[in-house]
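K.L.:
Handing you a structure now.
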Amino acid sequence: MTKVKGNGTEKSPWVLKTPPGTSEFEAWRDEAAEPAALVVQVGKTQLRYQLRCVDDLHAMLTKHGDWMLLGSADEQKAAADGTVEAWGRSSKNPVKGWYGMKKGLRGRFAMYVPPVLEALGLAELEHNPKNNRARALAKARGA
């Protein structure tokens, strides 16, 4: 597991950085929510993604088998084909659409979810100024 502050709870959230390393954010699991949520706090803005996105994204990246562009985009902008962002809103993913739970704040999936996978030791990310990619790492025992 990558060295990261926090343990993924609301009282002790993970303190992460976006793939380019330009912004810090907090994330935690809200398993009491319906459906269970991955909560991302960026300044005063709170985004929520279905918590299953962590396992689903890891499975998709594992099946993909190679590096995949992140392609982060706001909800109002189209996501580039073949990117993590496009998959996170595709009718072909396991939830058949957006993992984001609040209309208007459903985008940026590829900006905030892959760093959670990296912190959990489930994915490797590039940390360039632009055009970052992710690839799956083998799931650790007990993860």
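How things are named: the first chain in the structure tokens is A, the next is B, and so on; residues count from 1 in each chain; ligands count from 1 in the order shown.
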Pull the strand (DSSP E or B) assignments for range 10-136 of chain A out of DSSP run on the backbone, and list those residues as a PyMOL selection string.

P.N.:
chain A and resi 14-17+24-30+37-42+45-50+68-69+100+123-125+133-136

K.L.:
Please list as JSON, numbers by chain every residue within 9 Å of Thr62 in chain A, counting only C-alpha atoms and excluding residues in the same chain fewer than 4 positions away.

P.N.:
{"A": [57, 58, 66, 135, 136, 137, 138]}

K.L.:
Return the single residue from A:Lys139, A:Ala79, A:Val116, A:Cys53 that is closest to Gly8 in chain A, with distances computed using only C-alpha atoms.

P.N.:
A:Val116

K.L.:
Measuring atom to atom with only C-alpha atoms, identify which of A:Gly65, A:Gly71, A:Gly97, A:Pro115 is nearest to Glu26 in chain A.

P.N.:
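Closest residue, counting only C-alpha atoms: A:Pro115.
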
K.L.:
Please determine, counting only C-alpha atoms, which residue among A:Gly6, A:Pro94, A:Gly100, A:Pro129 has the shortest atom-to-atom distance to Arg48 in chain A.

P.N.:
A:Gly100

K.L.:
Write out as a PyMOL selection string each polymer residue whose atoms come within 8 Å of Pro20 in chain A, counting only C-alpha atoms; drop sequence neighbours fewer than 4 positions from it.

P.N.:
chain A and resi 126-130+132

K.L.:
How about saving the chosen residues, C-alpha atoms kept, as a PDB file, in the first residue's frame?

P.N.:
ATOM      1  CA  GLU A 126       1.610   8.406 -13.823  1.00  0.00           C
ATOM      2  CA  HIS A 127       2.104  11.843 -12.304  1.00  0.00           C
ATOM      3  CA  ASN A 128       2.851  14.082 -15.285  1.00  0.00           C
ATOM      4  CA  PRO A 129       1.409  17.589 -15.828  1.00  0.00           C
ATOM      5  CA  LYS A 130      -1.025  16.178 -18.461  1.00  0.00           C
ATOM      6  CA  ASN A 132      -1.663  10.661 -17.174  1.00  0.00           C
TER       7      ASN A 132
END

K.L.:
For Leu70 in chain A, please output as a PyMOL selection string all residues within 12 Å (counting only C-alpha atoms; exclusion window: fewer than 6 positions along the same chain).

P.N.:
chain A and resi 18-20+57+61+79-88+108-115+124-128+130-135

K.L.:
For the residues in that selection, give me C-alpha atoms as a PDB file, in the first residue's frame.

P.N.:
ATOM      1  CA  THR A  18      -4.648  14.552  -8.088  1.00  0.00           C
ATOM      2  CA  PRO A  19      -2.549  12.632 -10.652  1.00  0.00           C
ATOM      3  CA  PRO A  20      -0.625  15.753 -11.789  1.00  0.00           C
ATOM      4  CA  LEU A  57     -12.339   0.128 -11.865  1.00  0.00           C
ATOM      5  CA  LEU A  61      -8.018  -2.056 -15.549  1.00  0.00           C
ATOM      6  CA  ALA A  79     -15.031  12.231 -22.213  1.00  0.00           C
ATOM      7  CA  ALA A  80     -12.493  11.013 -24.755  1.00  0.00           C
ATOM      8  CA  ASP A  81     -13.158   7.462 -25.991  1.00  0.00           C
ATOM      9  CA  GLY A  82     -11.052   4.728 -24.439  1.00  0.00           C
ATOM     10  CA  THR A  83     -10.279   6.635 -21.230  1.00  0.00           C
ATOM     11  CA  VAL A  84     -10.995   5.884 -17.576  1.00  0.00           C
ATOM     12  CA  GLU A  85     -13.333   8.899 -17.553  1.00  0.00           C
ATOM     13  CA  ALA A  86     -15.358   7.550 -20.489  1.00  0.00           C
ATOM     14  CA  TRP A  87     -15.632   4.162 -18.790  1.00  0.00           C
ATOM     15  CA  GLY A  88     -16.815   5.830 -15.540  1.00  0.00           C
ATOM     16  CA  ARG A 108     -13.940  14.138 -12.807  1.00  0.00           C
ATOM     17  CA  PHE A 109     -14.142  10.418 -12.026  1.00  0.00           C
ATOM     18  CA  ALA A 110     -10.669   9.911 -13.522  1.00  0.00           C
ATOM     19  CA  MET A 111      -9.214  12.761 -11.468  1.00  0.00           C
ATOM     20  CA  TYR A 112     -10.287  11.498  -8.049  1.00  0.00           C
ATOM     21  CA  VAL A 113     -10.944   7.734  -8.132  1.00  0.00           C
ATOM     22  CA  PRO A 114      -7.602   6.449  -9.531  1.00  0.00           C
ATOM     23  CA  PRO A 115      -5.584   8.076  -6.695  1.00  0.00           C
ATOM     24  CA  GLU A 124      -0.127   2.489 -10.582  1.00  0.00           C
ATOM     25  CA  LEU A 125      -0.547   6.058 -11.844  1.00  0.00           C
ATOM     26  CA  GLU A 126       1.610   8.406 -13.823  1.00  0.00           C
ATOM     27  CA  HIS A 127       2.104  11.843 -12.304  1.00  0.00           C
ATOM     28  CA  ASN A 128       2.851  14.082 -15.285  1.00  0.00           C
ATOM     29  CA  LYS A 130      -1.025  16.178 -18.461  1.00  0.00           C
ATOM     30  CA  ASN A 131      -2.163  12.955 -20.145  1.00  0.00           C
ATOM     31  CA  ASN A 132      -1.663  10.661 -17.174  1.00  0.00           C
ATOM     32  CA  ARG A 133      -2.390   6.972 -17.353  1.00  0.00           C
ATOM     33  CA  ALA A 134      -3.249   4.181 -14.915  1.00  0.00           C
ATOM     34  CA  ARG A 135      -2.772   0.445 -14.886  1.00  0.00           C
TER      35      ARG A 135
END

K.L.:
Output as a list of chain:residue names all residues of range 12-135 of chain A that backbone DSSP marks as helix (DSSP H, G or I).

P.N.:
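Matching residues for helix (DSSP H, G or I) in range 12-135 of chain A are A:Cys53, A:Val54, A:Asp55, A:Asp56, A:Leu57, A:His58, A:Ala59, A:Met60, A:Leu61, A:Thr62, A:Lys63, A:His64, A:Val84, A:Glu85, A:Ala86, A:Trp87, A:Phe109, A:Ala110, A:Met111, A:Tyr112, A:Val113, A:Pro114, A:Pro115, A:Val116, A:Leu117, A:Glu118, A:Ala119.
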
K.L.:
Could you turn the residues from that selection into a file that holds C-alpha atoms, as a CSV table (one decimal), in the first residue's frame?

P.N.:
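Everything below was put into result_39.csv:
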chain,number,residue,atom,x,y,z
A,53,CYS,CA,-16.3,2.0,-8.4
A,54,VAL,CA,-13.1,1.1,-6.6
A,55,ASP,CA,-13.5,-2.7,-7.2
A,56,ASP,CA,-15.1,-2.2,-10.6
A,57,LEU,CA,-12.3,0.1,-11.9
A,58,HIS,CA,-9.7,-2.2,-10.6
A,59,ALA,CA,-11.4,-5.1,-12.4
A,60,MET,CA,-11.7,-3.2,-15.6
A,61,LEU,CA,-8.0,-2.1,-15.5
A,62,THR,CA,-6.9,-5.6,-14.8
A,63,LYS,CA,-8.9,-6.9,-17.8
A,64,HIS,CA,-7.5,-4.1,-20.0
A,84,VAL,CA,-11.0,5.9,-17.6
A,85,GLU,CA,-13.3,8.9,-17.6
A,86,ALA,CA,-15.4,7.6,-20.5
A,87,TRP,CA,-15.6,4.2,-18.8
A,109,PHE,CA,-14.1,10.4,-12.0
A,110,ALA,CA,-10.7,9.9,-13.5
A,111,MET,CA,-9.2,12.8,-11.5
A,112,TYR,CA,-10.3,11.5,-8.0
A,113,VAL,CA,-10.9,7.7,-8.1
A,114,PRO,CA,-7.6,6.4,-9.5
A,115,PRO,CA,-5.6,8.1,-6.7
A,116,VAL,CA,-7.7,6.1,-4.3
A,117,LEU,CA,-6.8,2.9,-6.1
A,118,GLU,CA,-3.2,4.0,-6.0
A,119,ALA,CA,-3.4,4.5,-2.2

K.L.:
Taking only C-alpha atoms into account, name the residue in A:Ala78, A:Ala73, A:Met68, A:Leu105 that is nearest to Val42 in chain A.

P.N.:
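Closest to Val42 in chain A of all the choices is A:Leu105.
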
K.L.:
Which distance in Å separates CA of Gln50 in chain A and CA of Gly121 in chain A, to one decimal?

P.N.:
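For CA of Gln50 in chain A relative to CA of Gly121 in chain A, the distance reads 19.4 Å.
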
K.L.:
I want to know what sits within 10 Å of Lys5 in chain A, based on only C-alpha atoms, with residues of the same chain fewer than 5 positions away left out; could you give that as a ChimeraX atom specification?

P.N.:
/A:12-16,26,119

K.L.:
Would you export the selected residues with C-alpha atoms as a JSON list (two decimals), in the first residue's frame, please?

P.N.:
[["chain", "number", "residue", "atom", "x", "y", "z"],
["A", 12, "SER", "CA", -9.56, 10.09, 9.27],
["A", 13, "PRO", "CA", -9.89, 10.57, 5.50],
["A", 14, "TRP", "CA", -7.22, 9.69, 3.02],
["A", 15, "VAL", "CA", -5.30, 12.84, 2.08],
["A", 16, "LEU", "CA", -4.47, 12.45, -1.60],
["A", 26, "GLU", "CA", -9.64, 14.10, 0.93],
["A", 119, "ALA", "CA", -3.39, 4.55, -2.20]]

K.L.:
Out of A:Gly43, A:Gly107, A:Glu10, A:Ala32, which residue has the shortest atom-to-atom distance to Ser72 in chain A when counting only C-alpha atoms?

P.N.:
A:Gly107

K.L.:
Any idea what the distance is between CA of Glu31 in chain A and CA of Gly104 in chain A?

P.N.:
22.5 Å

K.L.:
For a test of reading the model, state the distance in Å between CA of Arg89 in chain A and CA of Leu38 in chain A, rounded to one decimal.

P.N.:
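These atoms are spaced 15.7 Å apart.
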
K.L.:
Have a look at A:Val4, A:Thr22, A:Asp74, A:Lys17 and name the one nearest to Gln41 in chain A; count only C-alpha atoms.

P.N.:
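Ranked by minimum distance to Gln41 in chain A, first place goes to A:Lys17.
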